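This is structure-v4.cif (mmCIF, C-alpha atoms).
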data_my_file
#
loop_
_atom_site.group_PDB
_atom_site.id
_atom_site.type_symbol
_atom_site.label_atom_id
_atom_site.label_comp_id
_atom_site.auth_asym_id
_atom_site.auth_seq_id
_atom_site.Cartn_x
_atom_site.Cartn_y
_atom_site.Cartn_z
ATOM 1 C CA MET A 1 -3.440 0.010 24.225
ATOM 2 C CA ASN A 2 -5.402 -2.356 21.989
ATOM 3 C CA ARG A 3 -4.985 -1.757 18.288
ATOM 4 C CA LYS A 4 -8.288 -1.316 16.496
ATOM 5 C CA ILE A 5 -9.088 -3.389 13.415
ATOM 6 C CA LEU A 6 -12.031 -2.924 11.072
ATOM 7 C CA ILE A 7 -13.239 -6.094 9.343
ATOM 8 C CA VAL A 8 -15.391 -5.557 6.245
ATOM 9 C CA GLU A 9 -16.753 -8.997 5.319
ATOM 10 C CA ASP A 10 -20.258 -9.954 4.173
ATOM 11 C CA ASP A 11 -19.912 -13.663 4.941
ATOM 12 C CA VAL A 12 -21.134 -13.918 8.539
ATOM 13 C CA SER A 13 -19.183 -17.072 9.415
ATOM 14 C CA THR A 14 -15.923 -15.679 8.025
ATOM 15 C CA ALA A 15 -16.427 -12.335 9.773
ATOM 16 C CA SER A 16 -17.148 -14.126 13.060
ATOM 17 C CA TYR A 17 -14.087 -16.358 12.654
ATOM 18 C CA LEU A 18 -11.823 -13.375 11.986
ATOM 19 C CA ALA A 19 -13.278 -11.279 14.784
ATOM 20 C CA LYS A 20 -12.920 -14.093 17.324
ATOM 21 C CA GLY A 21 -9.328 -14.875 16.374
ATOM 22 C CA LEU A 22 -8.166 -11.255 16.270
ATOM 23 C CA THR A 23 -9.940 -10.420 19.527
ATOM 24 C CA GLU A 24 -8.199 -13.354 21.193
ATOM 25 C CA ALA A 25 -4.921 -11.996 19.790
ATOM 26 C CA GLY A 26 -5.531 -8.758 21.701
ATOM 27 C CA TYR A 27 -7.038 -6.486 19.069
ATOM 28 C CA ALA A 28 -10.197 -4.401 19.416
ATOM 29 C CA VAL A 29 -12.367 -5.459 16.479
ATOM 30 C CA GLU A 30 -15.327 -3.862 14.720
ATOM 31 C CA THR A 31 -17.127 -5.568 11.830
ATOM 32 C CA CYS A 32 -19.514 -4.612 9.052
ATOM 33 C CA GLY A 33 -20.778 -6.475 6.000
ATOM 34 C CA ASP A 34 -21.183 -3.768 3.375
ATOM 35 C CA GLY A 35 -18.631 -1.801 1.359
ATOM 36 C CA ARG A 36 -20.416 1.516 1.848
ATOM 37 C CA ASP A 37 -20.569 0.991 5.601
ATOM 38 C CA GLY A 38 -16.904 0.021 5.516
ATOM 39 C CA LEU A 39 -15.994 3.246 3.736
ATOM 40 C CA PHE A 40 -17.991 5.279 6.248
ATOM 41 C CA LEU A 41 -16.283 3.616 9.223
ATOM 42 C CA ALA A 42 -12.814 3.748 7.638
ATOM 43 C CA SER A 43 -13.268 7.469 6.994
ATOM 44 C CA GLU A 44 -13.373 8.079 10.738
ATOM 45 C CA GLY A 45 -9.625 7.416 10.762
ATOM 46 C CA ILE A 46 -9.725 5.589 14.113
ATOM 47 C CA PHE A 47 -8.528 2.171 12.963
ATOM 48 C CA ASP A 48 -4.995 0.825 12.893
ATOM 49 C CA LEU A 49 -5.818 -1.710 10.165
ATOM 50 C CA ILE A 50 -8.634 -2.551 7.753
ATOM 51 C CA VAL A 51 -9.227 -6.154 6.700
ATOM 52 C CA ALA A 52 -11.634 -6.203 3.759
ATOM 53 C CA ASP A 53 -13.165 -8.816 1.513
ATOM 54 C CA ARG A 54 -12.873 -8.029 -2.184
ATOM 55 C CA MET A 55 -16.429 -8.895 -3.240
ATOM 56 C CA LEU A 56 -18.795 -6.868 -1.051
ATOM 57 C CA PRO A 57 -22.389 -5.684 -1.407
ATOM 58 C CA GLY A 58 -23.082 -1.962 -1.623
ATOM 59 C CA LEU A 59 -19.568 -1.096 -2.766
ATOM 60 C CA ASP A 60 -16.938 -3.441 -4.161
ATOM 61 C CA GLY A 61 -13.934 -3.943 -1.900
ATOM 62 C CA LEU A 62 -11.468 -2.470 -4.402
ATOM 63 C CA ALA A 63 -13.690 0.561 -4.959
ATOM 64 C CA MET A 64 -13.903 0.993 -1.201
ATOM 65 C CA VAL A 65 -10.106 0.912 -0.847
ATOM 66 C CA SER A 66 -9.671 3.367 -3.723
ATOM 67 C CA ALA A 67 -12.143 5.751 -2.079
ATOM 68 C CA VAL A 68 -10.337 5.426 1.250
ATOM 69 C CA ARG A 69 -7.035 6.368 -0.383
ATOM 70 C CA ALA A 70 -8.621 9.193 -2.384
ATOM 71 C CA ALA A 71 -9.816 10.627 0.928
ATOM 72 C CA GLY A 72 -6.213 10.753 2.150
ATOM 73 C CA ILE A 73 -6.655 7.961 4.699
ATOM 74 C CA VAL A 74 -3.395 6.052 5.136
ATOM 75 C CA THR A 75 -4.685 3.206 7.340
ATOM 76 C CA PRO A 76 -3.082 -0.066 6.170
ATOM 77 C CA VAL A 77 -5.454 -2.351 4.251
ATOM 78 C CA LEU A 78 -5.316 -6.131 3.902
ATOM 79 C CA ILE A 79 -7.545 -7.492 1.124
ATOM 80 C CA LEU A 80 -9.016 -10.996 1.456
ATOM 81 C CA SER A 81 -10.268 -12.693 -1.693
ATOM 82 C CA ALA A 82 -10.967 -16.026 -3.331
ATOM 83 C CA LEU A 83 -9.702 -14.404 -6.566
ATOM 84 C CA ALA A 84 -6.117 -15.590 -6.550
ATOM 85 C CA ALA A 85 -4.787 -14.956 -10.076
ATOM 86 C CA VAL A 86 -1.810 -12.645 -10.499
ATOM 87 C CA ASP A 87 -3.957 -10.021 -12.240
ATOM 88 C CA HIS A 88 -6.432 -10.068 -9.347
ATOM 89 C CA ARG A 89 -3.669 -9.476 -6.817
ATOM 90 C CA VAL A 90 -2.162 -6.716 -8.942
ATOM 91 C CA ASP A 91 -5.566 -5.012 -9.172
ATOM 92 C CA GLY A 92 -5.928 -5.130 -5.397
ATOM 93 C CA LEU A 93 -2.542 -3.586 -4.776
ATOM 94 C CA LYS A 94 -3.068 -0.968 -7.473
ATOM 95 C CA ALA A 95 -6.305 0.039 -5.757
ATOM 96 C CA GLY A 96 -4.265 0.970 -2.689
ATOM 97 C CA ALA A 97 -4.199 -2.180 -0.559
ATOM 98 C CA ASP A 98 -0.992 -2.843 1.354
ATOM 99 C CA ASP A 99 -1.332 -6.629 1.244
ATOM 100 C CA TYR A 100 -3.496 -9.257 -0.458
ATOM 101 C CA LEU A 101 -4.276 -12.645 1.060
ATOM 102 C CA CYS A 102 -6.044 -15.330 -0.942
ATOM 103 C CA LYS A 103 -8.838 -17.519 0.420
ATOM 104 C CA PRO A 104 -8.715 -20.108 1.828
ATOM 105 C CA PHE A 105 -6.011 -18.987 4.245
ATOM 106 C CA SER A 106 -4.591 -20.128 7.551
ATOM 107 C CA PHE A 107 -5.267 -17.902 10.522
ATOM 108 C CA ALA A 108 -1.575 -18.115 11.456
ATOM 109 C CA GLU A 109 -0.615 -16.501 8.144
ATOM 110 C CA LEU A 110 -3.322 -13.853 8.429
ATOM 111 C CA SER A 111 -2.217 -13.063 11.980
ATOM 112 C CA ALA A 112 1.417 -12.687 10.877
ATOM 113 C CA ARG A 113 0.441 -10.319 8.070
ATOM 114 C CA VAL A 114 -1.771 -8.299 10.416
ATOM 115 C CA GLU A 115 1.093 -7.944 12.898
ATOM 116 C CA ALA A 116 3.479 -6.827 10.159
ATOM 117 C CA LEU A 117 1.080 -4.173 8.861
ATOM 118 C CA VAL A 118 0.319 -2.848 12.348
ATOM 119 C CA ARG A 119 4.048 -2.684 13.190
ATOM 120 C CA ARG A 120 4.695 -0.746 9.992
ATOM 121 C CA SER A 121 1.953 1.714 10.890
ATOM 122 C CA ASP A 122 3.257 2.070 14.451
ATOM 123 C CA ARG A 123 6.803 2.803 13.299
ATOM 124 C CA LEU A 124 5.614 5.548 11.000
ATOM 125 C CA ALA A 125 3.373 7.156 13.605
ATOM 126 C CA SER A 126 5.928 6.973 16.434
ATOM 127 C CA ASP A 127 8.875 8.515 14.578
ATOM 128 C CA PRO A 128 8.084 12.058 13.409
ATOM 129 C CA GLN A 129 11.488 12.281 11.748
ATOM 130 C CA LYS A 130 10.296 9.706 9.236
ATOM 131 C CA THR A 131 7.014 11.352 8.344
ATOM 132 C CA LYS A 132 8.675 13.388 5.604
ATOM 133 C CA LEU A 133 11.253 12.467 2.981
ATOM 134 C CA SER A 134 13.065 14.767 0.582
ATOM 135 C CA VAL A 135 15.325 14.286 -2.410
ATOM 136 C CA GLY A 136 16.544 17.585 -3.801
ATOM 137 C CA ASP A 137 13.484 19.765 -4.359
ATOM 138 C CA LEU A 138 11.178 16.736 -4.099
ATOM 139 C CA GLU A 139 9.182 16.585 -0.848
ATOM 140 C CA ILE A 140 7.131 13.576 0.316
ATOM 141 C CA ASP A 141 4.771 13.862 3.287
ATOM 142 C CA LEU A 142 4.154 10.289 4.433
ATOM 143 C CA LEU A 143 1.212 11.130 6.688
ATOM 144 C CA SER A 144 -0.828 13.275 4.310
ATOM 145 C CA ARG A 145 0.552 11.377 1.272
ATOM 146 C CA VAL A 146 1.184 14.677 -0.495
ATOM 147 C CA VAL A 147 4.089 14.948 -2.937
ATOM 148 C CA SER A 148 5.512 18.232 -4.215
ATOM 149 C CA ARG A 149 8.475 19.342 -6.246
ATOM 150 C CA GLY A 150 9.725 22.887 -6.268
ATOM 151 C CA GLY A 151 6.617 23.862 -4.321
ATOM 152 C CA HIS A 152 4.239 22.365 -6.915
ATOM 153 C CA THR A 153 1.951 19.541 -5.770
ATOM 154 C CA ILE A 154 2.192 16.340 -7.836
ATOM 155 C CA PRO A 155 -0.917 14.111 -7.705
ATOM 156 C CA LEU A 156 -0.052 10.420 -7.449
ATOM 157 C CA GLY A 157 -2.103 7.245 -7.292
ATOM 158 C CA ALA A 158 -1.732 4.954 -4.282
ATOM 159 C CA ARG A 159 0.643 2.544 -6.005
ATOM 160 C CA GLU A 160 2.723 5.379 -7.464
ATOM 161 C CA PHE A 161 3.042 6.922 -4.009
ATOM 162 C CA ASN A 162 4.167 3.633 -2.441
ATOM 163 C CA LEU A 163 6.699 3.154 -5.219
ATOM 164 C CA LEU A 164 8.057 6.692 -4.799
ATOM 165 C CA GLU A 165 8.296 6.259 -1.024
ATOM 166 C CA PHE A 166 10.315 3.077 -1.480
ATOM 167 C CA LEU A 167 12.659 4.767 -3.959
ATOM 168 C CA ALA A 168 13.035 7.796 -1.656
ATOM 169 C CA ARG A 169 13.929 5.595 1.307
ATOM 170 C CA HIS A 170 16.770 4.283 -0.874
ATOM 171 C CA ALA A 171 17.643 7.655 -2.422
ATOM 172 C CA GLY A 172 20.936 7.585 -4.291
ATOM 173 C CA GLN A 173 20.949 3.790 -4.376
ATOM 174 C CA VAL A 174 20.083 1.476 -7.239
ATOM 175 C CA VAL A 175 16.720 -0.210 -6.616
ATOM 176 C CA THR A 176 16.222 -3.352 -8.687
ATOM 177 C CA ARG A 177 12.991 -4.565 -10.260
ATOM 178 C CA THR A 178 13.098 -7.598 -7.969
ATOM 179 C CA MET A 179 13.257 -5.359 -4.890
ATOM 180 C CA MET A 180 10.251 -3.374 -6.104
ATOM 181 C CA LEU A 181 8.240 -6.487 -6.978
ATOM 182 C CA GLU A 182 8.816 -7.857 -3.481
ATOM 183 C CA LYS A 183 8.241 -4.671 -1.486
ATOM 184 C CA ILE A 184 5.513 -2.942 -3.505
ATOM 185 C CA TRP A 185 3.657 -5.834 -5.146
ATOM 186 C CA ASN A 186 4.514 -8.504 -2.548
ATOM 187 C CA TYR A 187 5.753 -10.854 -5.273
ATOM 188 C CA HIS A 188 8.595 -13.184 -4.394
ATOM 189 C CA PHE A 189 8.849 -14.223 -8.018
ATOM 190 C CA ASP A 190 8.834 -12.494 -11.386
ATOM 191 C CA PRO A 191 5.278 -12.580 -12.779
ATOM 192 C CA GLY A 192 6.666 -12.103 -16.276
ATOM 193 C CA SER A 193 5.090 -8.707 -16.841
ATOM 194 C CA ASN A 194 6.387 -5.168 -17.249
ATOM 195 C CA VAL A 195 4.340 -3.847 -14.331
ATOM 196 C CA VAL A 196 7.381 -2.211 -12.696
ATOM 197 C CA ASP A 197 8.529 -0.465 -15.866
ATOM 198 C CA VAL A 198 5.016 0.807 -16.635
ATOM 199 C CA HIS A 199 4.636 2.305 -13.163
ATOM 200 C CA ILE A 200 8.147 3.776 -13.259
ATOM 201 C CA GLY A 201 7.372 5.398 -16.625
ATOM 202 C CA ARG A 202 4.208 7.016 -15.290
ATOM 203 C CA LEU A 203 5.917 8.129 -12.110
ATOM 204 C CA ARG A 204 8.855 9.615 -14.002
ATOM 205 C CA ARG A 205 6.572 11.694 -16.224
ATOM 206 C CA LYS A 206 4.785 13.115 -13.213
ATOM 207 C CA LEU A 207 8.030 13.883 -11.379
ATOM 208 C CA GLU A 208 9.929 15.372 -14.312
ATOM 209 C CA ASP A 209 7.535 16.928 -16.851
ATOM 210 C CA GLY A 210 7.825 20.713 -16.554
ATOM 211 C CA PHE A 211 10.892 20.536 -14.320
ATOM 212 C CA PRO A 212 14.393 21.451 -15.529
ATOM 213 C CA THR A 213 16.297 18.432 -14.197
ATOM 214 C CA PRO A 214 15.636 14.670 -14.125
ATOM 215 C CA ILE A 215 15.354 12.968 -10.755
ATOM 216 C CA LEU A 216 14.366 9.354 -11.518
ATOM 217 C CA HIS A 217 17.172 7.652 -13.421
ATOM 218 C CA THR A 218 17.403 4.328 -15.242
ATOM 219 C CA VAL A 219 20.519 2.331 -14.428
ATOM 220 C CA ARG A 220 20.787 0.110 -17.482
ATOM 221 C CA GLY A 221 20.750 -3.576 -16.664
ATOM 222 C CA ALA A 222 20.348 -2.923 -12.936
ATOM 223 C CA GLY A 223 17.253 -0.905 -12.016
ATOM 224 C CA TYR A 224 16.388 2.658 -11.052
ATOM 225 C CA ARG A 225 17.784 5.393 -8.812
ATOM 226 C CA LEU A 226 16.042 8.423 -7.319
ATOM 227 C CA ALA A 227 18.684 11.132 -7.023
ATOM 228 C CA VAL A 228 19.697 14.659 -7.970
ATOM 229 C CA GLU A 229 22.713 14.387 -10.256
ATOM 230 C CA GLY A 230 25.020 16.907 -11.788
#
What does this structure look like when you write it as structure tokens?
Amino acid sequence: MNRKILIVEDDVSTASYLAKGLTEAGYAVETCGDGRDGLFLASEGIFDLIVADRMLPGLDGLAMVSAVRAAGIVTPVLILSALAAVDHRVDGLKAGADDYLCKPFSFAELSARVEALVRRSDRLASDPQKTKLSVGDLEIDLLSRVVSRGGHTIPLGAREFNLLEFLARHAGQVVTRTMMLEKIWNYHFDPGSNVVDVHIGRLRRKLEDGFPTPILHTVRGAGYRLAVEG
């Protein structure tokens, strides 16, 4: 069965180039050139991947991705943008994108990233045993992206959810800052910021405030561990 990809790109030549290449690679492709139209189509939940430009008419690409995530849609998103600074990439990932590719790009690299994102989505959908994670009284529903502890729902942003999922998949183990930078922010270098620590601090407050026991622990000099201790 052909995987369906939505391309949201206002530059006609770029959209045509992407659609042609991905169609030849065996994907079923639909395109639109406006962020509002992209949000409408993405909300149908029929696509296996969304490839979206960052600067779009009607609705900015990051705003579109944020709205998609706020609607509970978990379709992987690959952002394309000529804005290549570290802060630009961080903003894209914080908005809820799963990957960020800077223009100009090679089609070979784009194709490899598309395949990786589609495989990740397929693995999640095909293995119902992995659609939910739990650590003590903490429950994570990977399909609905709902988190609860002790029966109380905990609202999380897209980046916080991805970070918690990664920690939960390594429950009881020490997860280093480098591991989180690579897996959550797609950095294979240290950008020299405290982005990990800031997100961990916010996540910890949401997971622990009002609850009797801590669950997200700092391992001094090493990283963090999600676990029930004591």
Taking (6.8, 19.0, -3.5) in the file's coordinates, which residues come within 12 Å, counting only C-alpha atoms, written as an MDAnalysis selection string? chainID A and resid 132:141 145:156 206:208 211
Nearest to Ser144 (chain A) among A:Leu203, A:Leu41, A:Ala70, A:Ala97, with distances taken over all atoms listed in the file: which residue is it? A:Ala70
Please list as JSON, numbers by chain every residue within 10 Å of Pro104 (chain A), counting only C-alpha atoms and excluding residues in the same chain fewer than 3 positions away. {"A": [80, 81, 82, 84, 101, 107]}
Which residues would end up in the selection if the PyMOL selection byres ((chain A and resi 162-166) around 8) were applied here, given that I need the answer as an mmCIF file with C-alpha atoms, in the frame of the given file?
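Once written, part.cif looks like this:
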data_model
loop_
_atom_site.group_PDB
_atom_site.id
_atom_site.type_symbol
_atom_site.label_atom_id
_atom_site.label_comp_id
_atom_site.auth_asym_id
_atom_site.auth_seq_id
_atom_site.Cartn_x
_atom_site.Cartn_y
_atom_site.Cartn_z
ATOM 1 C CA LEU A 133 11.253 12.467 2.981
ATOM 2 C CA ILE A 140 7.131 13.576 0.316
ATOM 3 C CA LEU A 142 4.154 10.289 4.433
ATOM 4 C CA ALA A 158 -1.732 4.954 -4.282
ATOM 5 C CA ARG A 159 0.643 2.544 -6.005
ATOM 6 C CA GLU A 160 2.723 5.379 -7.464
ATOM 7 C CA PHE A 161 3.042 6.922 -4.009
ATOM 8 C CA LEU A 167 12.659 4.767 -3.959
ATOM 9 C CA ALA A 168 13.035 7.796 -1.656
ATOM 10 C CA ARG A 169 13.929 5.595 1.307
ATOM 11 C CA HIS A 170 16.770 4.283 -0.874
ATOM 12 C CA MET A 180 10.251 -3.374 -6.104
ATOM 13 C CA ILE A 184 5.513 -2.942 -3.505
ATOM 14 C CA LEU A 203 5.917 8.129 -12.110
#
Write out as number ranges by chain which residues come within 12 Å of Val86 (chain A) when counting only C-alpha atoms, dropping same-chain ones fewer than 2 positions away. A: 83-84, 88-93, 100-102, 185-187, 189-193, 195
Using the chain letters and numbers from the file, which residues does the PyMOL selection byres ((chain A and resi 54) around 10) grab, as a PDB file with C-alpha atoms, in the coordinates of the input?
ATOM      1  CA  VAL A   8     -15.391  -5.557   6.245  1.00  0.00           C
ATOM      2  CA  GLU A   9     -16.753  -8.997   5.319  1.00  0.00           C
ATOM      3  CA  ASP A  10     -20.258  -9.954   4.173  1.00  0.00           C
ATOM      4  CA  GLY A  35     -18.631  -1.801   1.359  1.00  0.00           C
ATOM      5  CA  VAL A  51      -9.227  -6.154   6.700  1.00  0.00           C
ATOM      6  CA  ALA A  52     -11.634  -6.203   3.759  1.00  0.00           C
ATOM      7  CA  ASP A  53     -13.165  -8.816   1.513  1.00  0.00           C
ATOM      8  CA  MET A  55     -16.429  -8.895  -3.240  1.00  0.00           C
ATOM      9  CA  LEU A  56     -18.795  -6.868  -1.051  1.00  0.00           C
ATOM     10  CA  PRO A  57     -22.389  -5.684  -1.407  1.00  0.00           C
ATOM     11  CA  LEU A  59     -19.568  -1.096  -2.766  1.00  0.00           C
ATOM     12  CA  ASP A  60     -16.938  -3.441  -4.161  1.00  0.00           C
ATOM     13  CA  GLY A  61     -13.934  -3.943  -1.900  1.00  0.00           C
ATOM     14  CA  LEU A  62     -11.468  -2.470  -4.402  1.00  0.00           C
ATOM     15  CA  ALA A  63     -13.690   0.561  -4.959  1.00  0.00           C
ATOM     16  CA  MET A  64     -13.903   0.993  -1.201  1.00  0.00           C
ATOM     17  CA  VAL A  65     -10.106   0.912  -0.847  1.00  0.00           C
ATOM     18  CA  LEU A  78      -5.316  -6.131   3.902  1.00  0.00           C
ATOM     19  CA  ILE A  79      -7.545  -7.492   1.124  1.00  0.00           C
ATOM     20  CA  LEU A  80      -9.016 -10.996   1.456  1.00  0.00           C
ATOM     21  CA  SER A  81     -10.268 -12.693  -1.693  1.00  0.00           C
ATOM     22  CA  ALA A  82     -10.967 -16.026  -3.331  1.00  0.00           C
ATOM     23  CA  LEU A  83      -9.702 -14.404  -6.566  1.00  0.00           C
ATOM     24  CA  HIS A  88      -6.432 -10.068  -9.347  1.00  0.00           C
ATOM     25  CA  GLY A  92      -5.928  -5.130  -5.397  1.00  0.00           C
ATOM     26  CA  TYR A 100      -3.496  -9.257  -0.458  1.00  0.00           C
TER      27      TYR A 100
END
Got a sec: who's within 12 Å of Arg220 (chain A), counting all atoms listed in the file, leaving out chain neighbours fewer than 4 positions off, as a ChimeraX atom specification? /A:174-177,224-225
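Going from CA of Ile46 (chain A) to CA of Val74 (chain A) covers 11.0 Å.
Across the chains present, the PyMOL selection byres ((chain A and resi 75) around 9) applied to this file returns Ala42, Gly45, Ile46, Phe47, Asp48, Leu49, Ile50, Val68, Arg69, Ile73, Val74, Pro76, Val77 and Ser121 of chain A.
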Which polymer residues have any atom within 9 Å of an atom of Gly58 (chain A), counting all atoms listed in the file, with same-chain residues fewer than 5 positions away left out, as an MDAnalysis selection string? chainID A and resid 34:37
Tell me which protein, DNA and RNA residues are within 12 Å of Val29 (chain A), counting all atoms listed in the file, leaving out same-chain ones fewer than 4 positions away, and put them as a PyMOL selection string. chain A and resi 2-8+15-25+46-51
Those residues you just picked out, can you put them in a file as a short mmCIF file (atom, residue, chain, number, x, y, z; two decimals), keeping the file's coordinate frame with C-alpha atoms?
data_model
loop_
_atom_site.label_atom_id
_atom_site.label_comp_id
_atom_site.auth_asym_id
_atom_site.auth_seq_id
_atom_site.Cartn_x
_atom_site.Cartn_y
_atom_site.Cartn_z
CA ASN A 2 -5.40 -2.36 21.99
CA ARG A 3 -4.99 -1.76 18.29
CA LYS A 4 -8.29 -1.32 16.50
CA ILE A 5 -9.09 -3.39 13.42
CA LEU A 6 -12.03 -2.92 11.07
CA ILE A 7 -13.24 -6.09 9.34
CA VAL A 8 -15.39 -5.56 6.24
CA ALA A 15 -16.43 -12.34 9.77
CA SER A 16 -17.15 -14.13 13.06
CA TYR A 17 -14.09 -16.36 12.65
CA LEU A 18 -11.82 -13.38 11.99
CA ALA A 19 -13.28 -11.28 14.78
CA LYS A 20 -12.92 -14.09 17.32
CA GLY A 21 -9.33 -14.88 16.37
CA LEU A 22 -8.17 -11.26 16.27
CA THR A 23 -9.94 -10.42 19.53
CA GLU A 24 -8.20 -13.35 21.19
CA ALA A 25 -4.92 -12.00 19.79
CA ILE A 46 -9.72 5.59 14.11
CA PHE A 47 -8.53 2.17 12.96
CA ASP A 48 -5.00 0.82 12.89
CA LEU A 49 -5.82 -1.71 10.16
CA ILE A 50 -8.63 -2.55 7.75
CA VAL A 51 -9.23 -6.15 6.70
#
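Counting only C-alpha atoms, the residue from A:Asp11, A:Gly72, A:Ile200, A:Leu216 that sits nearest to Leu143 (chain A) is A:Gly72.
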For CA of Glu115 (chain A) and CA of Asp99 (chain A), quote the distance in Å rounded to one decimal. 12.0 Å
